[in-house]
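**Q** start28.txt is reproduced in full below (compact mmCIF, C-alpha atoms).
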```txt
# COMPACT_ATOMS: atom_id res chain seq x y z
CA SER A 1 157.98 173.03 369.12
CA VAL A 2 159.38 169.59 368.41
CA THR A 3 163.07 169.59 367.55
CA CYS A 4 164.21 168.02 364.32
CA PRO A 5 167.33 165.87 364.84
CA ARG A 6 168.17 165.82 361.16
CA LEU A 7 167.99 169.60 360.86
CA ASP A 8 169.73 170.30 364.16
CA SER A 9 172.71 168.13 363.30
CA HIS A 10 173.05 168.68 359.56
CA ARG A 11 170.86 171.29 357.91
CA LEU A 12 171.06 174.16 360.40
CA ALA A 13 174.82 173.94 360.82
CA PRO A 14 176.93 175.86 358.29
CA ARG A 15 178.65 173.86 355.60
CA ARG A 16 182.37 173.37 356.34
CA ASP A 17 185.35 172.06 354.45
CA PRO A 18 186.01 168.48 355.75
CA ASP A 19 189.79 168.99 355.71
CA THR A 20 190.30 172.56 356.95
CA GLY A 21 187.05 173.17 358.83
CA ALA A 22 186.57 176.51 357.07
CA VAL A 23 182.98 177.70 356.65
CA LEU A 24 181.94 177.34 353.01
CA GLY A 25 178.53 178.92 353.34
CA PRO A 26 175.13 178.67 355.01
CA ALA A 27 173.44 175.32 355.27
CA THR A 28 171.08 174.37 352.48
CA PRO A 29 167.68 172.85 353.32
CA GLN A 30 166.82 169.36 352.12
CA ALA A 31 163.49 167.59 352.23
CA ASP A 32 164.46 164.75 354.52
CA CYS A 33 163.03 165.67 357.93
CA ILE A 34 162.81 162.78 360.35
CA ALA A 35 160.52 164.47 362.92
CA ALA A 36 157.13 166.04 362.57
CA GLY A 37 156.24 169.40 364.06
CA CYS A 38 159.53 171.32 363.96
CA ALA A 39 159.42 174.76 362.40
CA ALA A 40 162.12 174.04 359.82
CA CYS A 41 160.19 171.02 358.56
CA ARG A 42 156.87 172.83 358.26
CA GLY A 43 155.14 171.82 355.12
CA GLN A 44 157.29 168.74 354.62
CA PHE A 45 156.20 165.18 355.20
CA PRO A 46 158.62 163.46 357.61
CA LEU A 47 160.43 160.32 356.54
CA SER A 48 159.28 156.94 357.74
CA LEU A 49 161.51 155.10 360.21
CA PRO A 50 163.12 152.82 357.57
CA ALA A 51 163.66 155.77 355.23
CA ALA A 52 165.13 157.86 358.07
CA ILE A 53 167.52 155.05 359.02
CA SER A 54 168.53 154.68 355.38
CA SER A 55 169.01 158.45 354.98
CA LEU A 56 171.12 158.79 358.13
CA ASN A 57 173.34 155.85 357.22
CA ALA A 58 173.76 157.18 353.69
CA ARG A 59 174.89 160.52 355.15
CA MET A 60 177.38 158.80 357.47
CA LEU A 61 178.78 156.68 354.65
CA SER A 62 179.07 159.74 352.45
CA ALA A 63 180.85 161.69 355.20
CA ASN A 64 183.31 158.85 355.80
CA ALA A 65 183.97 158.46 352.09
CA GLY A 66 184.90 162.14 351.92
CA ILE A 67 187.65 161.83 354.55
CA LYS A 68 190.93 161.96 352.65
CA LYS A 69 193.26 163.45 355.23
CA GLN A 70 195.88 161.13 356.73
CA HIS A 71 196.63 160.74 360.43
CA THR A 72 199.96 160.20 362.14
CA PHE A 73 198.72 157.22 364.17
CA SER A 74 196.44 155.58 361.63
CA SER A 75 197.27 152.07 360.47
CA GLY A 76 196.34 149.61 357.75
CA TRP A 77 194.03 146.67 358.31
CA ALA A 78 196.81 144.15 357.55
CA HIS A 79 198.85 145.44 360.52
CA TRP A 80 196.15 145.07 363.15
CA PRO A 81 196.56 141.34 363.97
CA PHE A 82 200.17 142.17 364.91
CA GLY A 83 199.09 144.99 367.26
CA SER A 84 201.09 147.51 365.25
CA GLN A 85 200.82 151.31 365.41
CA PRO A 86 199.41 152.23 368.84
CA VAL A 87 197.13 155.28 368.95
CA PHE A 88 198.72 158.16 370.87
CA TYR A 89 196.05 160.08 372.83
CA TRP A 90 197.69 162.52 375.24
CA SER A 91 200.99 163.61 376.76
CA SER A 92 202.29 166.04 379.34
CA THR A 93 205.84 166.96 380.32
CA LYS A 94 204.77 168.68 383.54
CA CYS A 95 202.66 166.06 385.26
CA TYR A 96 205.25 165.24 387.96
CA ALA A 97 208.74 166.76 388.36
CA ASP A 98 210.75 165.91 385.24
CA HIS A 99 208.65 162.86 384.37
CA TYR A 100 206.52 162.36 381.25
CA CYS A 101 202.89 161.27 381.19
CA ARG A 102 201.59 159.63 378.03
CA ILE A 103 198.42 157.73 377.18
CA TYR A 104 198.31 155.18 374.37
CA MET A 105 195.60 152.92 373.07
CA ALA A 106 197.95 150.03 372.45
CA ALA A 107 198.10 146.27 372.20
CA ASN A 108 199.35 144.00 374.93
CA PRO A 109 201.99 142.21 372.82
CA ILE A 110 201.49 138.90 374.65
CA VAL A 111 197.69 138.92 374.31
CA TRP A 112 197.85 139.96 370.66
CA GLY A 113 200.48 137.28 369.99
CA VAL A 114 198.33 134.59 371.61
CA GLY A 115 195.37 135.65 369.46
CA LEU A 116 197.35 135.60 366.22
CA THR A 117 198.98 132.27 367.07
CA GLY A 118 195.60 130.82 368.00
CA LEU A 119 194.08 131.89 364.69
CA ALA A 120 196.90 130.33 362.70
CA ALA A 121 196.82 127.14 364.76
CA LEU A 122 193.06 126.78 364.52
CA LEU A 123 193.09 127.35 360.76
CA LEU A 124 195.80 124.73 360.26
CA LEU A 125 194.01 122.24 362.51
CA LEU A 126 190.70 122.73 360.72
CA LEU A 127 192.31 122.43 357.30
CA GLY A 128 194.05 119.25 358.43
CA ARG A 129 190.76 117.94 359.74
CA LEU A 130 189.08 118.82 356.43
CA CYS A 131 191.71 116.91 354.46
CA SER A 132 191.48 113.89 356.72
CA CYS A 133 187.68 113.91 356.48
CA GLY A 134 187.97 113.93 352.69
CA ALA A 135 190.26 110.91 352.83
CA ARG A 136 187.89 109.04 355.20
CA ARG A 137 184.93 109.89 352.98
CA ARG A 138 186.67 108.28 350.04
CA LEU A 139 187.29 105.21 352.20
CA GLY A 140 183.70 105.17 353.44
CA THR A 141 184.61 105.71 357.10
CA ALA A 142 183.56 109.39 357.44
CA ARG A 143 181.83 110.55 360.61
CA GLY A 144 180.08 113.79 361.53
CA ALA A 145 182.31 116.72 362.46
CA PRO A 146 182.64 117.27 366.22
CA ALA A 147 181.37 120.47 367.81
CA ALA A 148 184.90 121.83 368.17
CA VAL A 149 185.33 121.75 364.39
CA ARG A 150 181.97 123.39 363.66
CA HIS A 151 182.61 126.09 366.25
CA GLY A 152 186.10 126.61 364.86
CA TRP A 153 184.85 127.46 361.38
CA LEU A 154 182.23 129.76 362.92
CA LEU A 155 184.92 131.64 364.87
CA LEU A 156 187.16 132.00 361.82
CA CYS A 157 184.27 133.29 359.71
CA GLY A 158 183.28 135.76 362.44
CA HIS A 159 186.84 137.00 362.73
CA ALA A 160 187.10 137.44 358.96
CA LEU A 161 183.77 139.31 358.79
CA GLY A 162 184.89 141.71 361.49
CA TRP A 163 188.32 142.34 359.99
CA LEU A 164 188.57 141.79 356.24
CA PRO A 165 185.90 144.34 355.18
CA PHE A 166 188.34 147.04 356.31
CA ALA A 167 190.49 146.09 353.33
CA ALA A 168 187.95 147.94 351.18
CA VAL A 169 187.87 151.03 353.44
CA LYS A 170 189.79 153.90 351.85
CA ARG A 171 189.64 156.38 354.75
CA VAL A 172 192.07 156.30 357.65
CA ALA A 173 191.46 153.66 360.31
CA PHE A 174 193.01 152.79 363.65
CA LEU A 175 194.10 149.83 365.72
CA TYR A 176 190.97 149.88 367.89
CA HIS A 177 188.86 148.87 364.89
CA TYR A 178 190.34 145.38 365.29
CA ILE A 179 189.23 144.86 368.91
CA PRO A 180 186.00 142.92 368.11
CA SER A 181 188.00 140.52 365.95
CA LEU A 182 190.68 140.29 368.64
CA HIS A 183 188.12 138.80 371.02
CA LEU A 184 187.31 136.11 368.47
CA SER A 185 191.00 135.40 367.92
CA LEU A 186 191.44 134.74 371.65
CA LEU A 187 188.46 132.38 371.57
CA ALA A 188 190.11 130.72 368.57
CA ALA A 189 193.28 130.22 370.62
CA GLY A 190 191.28 128.51 373.36
CA LEU A 191 189.43 126.35 370.85
CA ALA A 192 192.69 125.36 369.13
CA LEU A 193 194.07 124.27 372.49
CA ASP A 194 190.87 122.33 373.17
CA HIS A 195 191.12 120.72 369.74
CA LEU A 196 194.67 119.58 370.49
CA LEU A 197 193.55 118.13 373.81
CA LEU A 198 190.78 116.16 372.09
CA ALA A 199 193.22 114.83 369.50
CA HIS A 200 195.96 114.01 372.03
CA PRO A 201 194.31 113.43 375.42
CA ALA A 202 196.57 113.33 378.44
CA PRO A 203 196.61 110.17 380.57
CA ARG A 204 194.12 110.20 383.42
CA ARG A 205 195.53 110.97 386.85
CA ALA A 206 194.05 111.05 390.29
CA PRO A 207 193.01 114.57 391.40
CA ALA A 208 195.65 114.64 394.12
CA ALA A 209 198.38 113.64 391.70
CA ALA A 210 197.19 116.25 389.18
CA LEU A 211 197.48 118.99 391.80
CA ALA A 212 200.86 117.77 393.01
CA THR A 213 202.43 117.40 389.54
CA PRO A 214 200.84 119.75 386.98
CA SER A 215 201.13 118.70 383.36
CA GLN A 216 203.19 120.51 380.76
CA LEU A 217 199.97 121.97 379.37
CA ASP A 218 199.02 123.39 382.78
CA LEU A 219 202.46 124.98 383.07
CA ALA A 220 202.26 126.43 379.55
CA VAL A 221 198.85 127.99 380.19
CA ALA A 222 199.95 129.37 383.55
CA LEU A 223 203.12 130.79 382.01
CA THR A 224 201.13 132.48 379.21
CA ILE A 225 198.74 134.08 381.69
CA ALA A 226 201.66 135.23 383.87
CA LEU A 227 203.44 136.75 380.86
CA ALA A 228 200.27 138.56 379.76
CA ALA A 229 199.80 139.97 383.28
CA ALA A 230 203.46 140.99 383.52
CA SER A 231 203.25 142.69 380.11
CA PHE A 232 200.12 144.55 381.19
CA LEU A 233 201.80 145.81 384.36
CA PHE A 234 204.95 146.77 382.45
CA PHE A 235 203.00 148.93 379.98
CA LEU A 236 200.43 150.18 382.50
CA PRO A 237 202.06 153.65 382.83
CA LEU A 238 201.52 154.15 379.10
CA TYR A 239 197.95 152.84 379.20
CA LEU A 240 196.93 155.13 382.09
CA GLY A 241 199.28 158.10 381.74
CA TRP A 242 201.23 157.55 384.95
CA PRO A 243 204.40 159.62 385.47
CA ILE A 244 207.49 157.97 384.05
CA GLU A 245 211.02 159.08 383.21
CA PRO A 246 211.42 160.34 379.61
CA ALA A 247 213.97 157.71 378.55
CA ASP A 248 211.91 154.94 380.11
CA SER A 249 208.78 156.28 378.43
CA ARG A 250 210.37 156.22 374.98
CA TRP A 251 211.77 152.73 375.55
CA ARG A 252 208.45 151.28 376.65
CA ALA A 253 206.62 153.01 373.81
CA LYS A 254 208.98 151.34 371.34
CA LEU A 255 208.36 147.94 372.94
CA LEU A 256 204.62 148.46 372.57
CA ASP A 257 205.04 147.87 368.83
CA PRO A 258 207.67 145.10 368.45
CA CYS A 259 206.53 144.10 364.97
CA ARG A 260 206.73 147.57 363.47
CA PRO A 261 210.25 147.35 361.94
CA VAL A 262 209.38 144.12 360.14
CA LEU A 263 206.02 145.44 358.93
CA GLU A 264 207.58 148.69 357.71
CA TRP A 265 210.13 146.68 355.73
CA VAL A 266 207.35 144.57 354.21
CA ASP A 267 205.38 147.74 353.34
CA SER A 268 208.36 149.40 351.68
CA HIS A 269 209.82 146.40 349.83
CA VAL A 270 207.40 143.47 349.50
CA VAL A 271 204.01 145.17 349.08
CA PRO A 272 205.08 147.60 346.28
CA ALA A 273 206.61 144.71 344.36
CA LEU A 274 203.53 142.48 344.63
CA PHE A 275 200.78 145.12 344.65
CA PRO A 276 201.99 148.32 342.94
CA ASN A 277 198.58 150.02 343.17
CA VAL A 278 198.05 149.52 346.92
CA SER A 279 198.37 152.74 348.93
CA ALA A 280 199.75 153.06 352.46
CA VAL A 281 196.26 153.48 353.89
CA GLU A 282 195.13 150.15 352.44
CA GLN A 283 198.13 148.13 353.67
```
Spit out the file's structure as C-alpha cells when you get a sec.
**A**
Amino acid sequence: SVTCPRLDSHRLAPRRDPDTGAVLGPATPQADCIAAGCAACRGQFPLSLPAAISSLNARMLSANAGIKKQHTFSSGWAHWPFGSQPVFYWSSTKCYADHYCRIYMAANPIVWGVGLTGLAALLLLLLGRLCSCGARRRLGTARGAPAAVRHGWLLLCGHALGWLPFAAVKRVAFLYHYIPSLHLSLLAAGLALDHLLLAHPAPRRAPAAALATPSQLDLAVALTIALAAASFLFFLPLYLGWPIEPADSRWRAKLLDPCRPVLEWVDSHVVPALFPNVSAVEQ
C-alpha cells in the first residue's frame, strides 16, 4: 500500500507533551491526508498540493508557536549582529589525557565585526548620499543614482528581511539563524568600501609601482584578512572539538563572545527601562 506521509509523521504517532515528552494519549485521526491509497486514509479524499503545503506549514507554525521552554544557549535577535551567545554542541573530558574537547557553533569575532561595521558604514553612506541627492534636486543638478547606491539599498533591505522578522518570534532562537543575514552584511562591507573608493579615488600608479608600494587601502584589507584567518585558527579547537587544556578551553570560549558583558548590561539596565514589557527571549 502507499504510505501516507502526513499520517506516518503526525497522526499515527502518539500525542506527547511538547515540554516533557510524556505520552498524553493515542493519536487522533484528522481528515487531511496528503497521499492517496494508504490504508489509514481509506475513504478520505487526499488534499491537493497547495492545500497539503498549506496544511503542513500550518502544522509547523503551530508546533513552533507551542514551544515555550527556554534553552541555555538561546539568544535574542538583537544580539546576533554582535556574534553573541555561541551554541554549545558537545564536550568530553576524556578525549585525550587531561585535555578537554568542546564543539561550539560560534562567531569569528573579526568576521562578525567586519560585517557589522560594513552595515553601519553602508547605511551612513547611503543616507548621506540620499541627503546630498535631495539638495542637488532642489538645485536642479540631480543625476541618476549609481549602481553602487542601488545595490546598497537592496543589500540593506535583504539583510533586514532576513533578520528583523525574528523580532516577532516568541520561541527560543539561536545564533545560527543570523547566518543568511551575515552573508549580506559582509557583502555590505565590500560595497561600502567600493563606495568609498568611488567617492575618493586613489591616484593612478603604474602597475609596477602599485606592486612595489601598496596603498594604505591594500594594507588595511590585507590586515583584515590576516586577522580573520588568525582568529579562525585561534578558535579552531573550539569549532572542531580538538583536545585543549581546560584552562585554555575556558579562556578561548570566553573570547568567543567578547560583546557579552556589554550586551548583558544593556539587557539588565537599558532594555527594562526603555521597554518594560520586552522579555529576555525577545531581546
**Q** Hey, which of A:Leu123, A:Leu197, A:Leu186, A:Ile110 ends up closest to Leu223 (chain A)? Count only C-alpha atoms.
**A**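 Closest candidate: A:Ile110.
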**Q** Looking at only C-alpha atoms, which of A:Pro165, A:Gly128, A:Gly83, A:Gly76 is the one that sits closest to Gly115 (chain A)?
**A** A:Gly83
**Q** Have a look at CA of Pro272 (chain A) and CA of Phe82 (chain A) and let me know their distance in Å, one decimal.
**A**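 For CA of Pro272 (chain A) relative to CA of Phe82 (chain A), the distance reads 20.0 Å.
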**Q** Choose the residue, out of A:Ala226, A:Ile244, A:Val270, A:Val262, that has the smallest atom-to-atom separation from Tyr96 (chain A); count only C-alpha atoms.
**A** A:Ile244
**Q** Could you work out how far CA of Leu256 (chain A) lies from CA of His79 (chain A), giving the answer in Å with one decimal?
**A** 13.7 Å
**Q** Hey, which bits of region 139-194 of chain A sit within 12 Å of region 67-75 of chain A, and for each residue what's the closest pair of atoms and how far apart in Å (one decimal), counting only C-alpha atoms, rows by chain and increasing number, as a tab-separated table?
**A**
```
residue	atom	partner	partner_atom	distance
A:Phe166	CA	A:Ser75	CA	11.1
A:Ala167	CA	A:Ser75	CA	11.5
A:Val169	CA	A:Ile67	CA	10.9
A:Lys170	CA	A:Lys68	CA	8.2
A:Arg171	CA	A:Ile67	CA	5.8
A:Val172	CA	A:Ser74	CA	6.0
A:Ala173	CA	A:Ser74	CA	5.5
A:Phe174	CA	A:Ser74	CA	4.9
A:Leu175	CA	A:Ser75	CA	6.5
A:Tyr176	CA	A:Ser75	CA	10.0
A:His177	CA	A:Ser75	CA	10.0
A:Tyr178	CA	A:Ser75	CA	10.8
```
**Q** Would you please work out which residue, of A:Pro261, A:Gly152, A:Gly113, A:Gly162, is nearest to Thr224 (chain A) when using only C-alpha atoms?
**A**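 The closest residue to Thr224 (chain A) is A:Gly113.
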**Q** So the first atom is CA of Lys254 (chain A) and the second is CA of Val271 (chain A); what is the distance between them in Å, to one decimal place?
**A**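 A separation of 23.6 Å between them.
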**Q** Return the single residue from A:Ala273, A:Ile179, A:Leu184, A:Ala220 that is closest to Cys157 (chain A), with distances computed using all atoms listed in the file.
**A**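 When distances to Cys157 (chain A) are compared using all atoms listed in the file, the smallest one comes from A:Leu184.
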**Q** I'd like to know which of A:His99, A:Pro237, A:Pro243, A:Ala107 is closest to Pro86 (chain A), using only C-alpha atoms.
**A**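 For Pro86 (chain A), the nearest of the candidates is A:Ala107.
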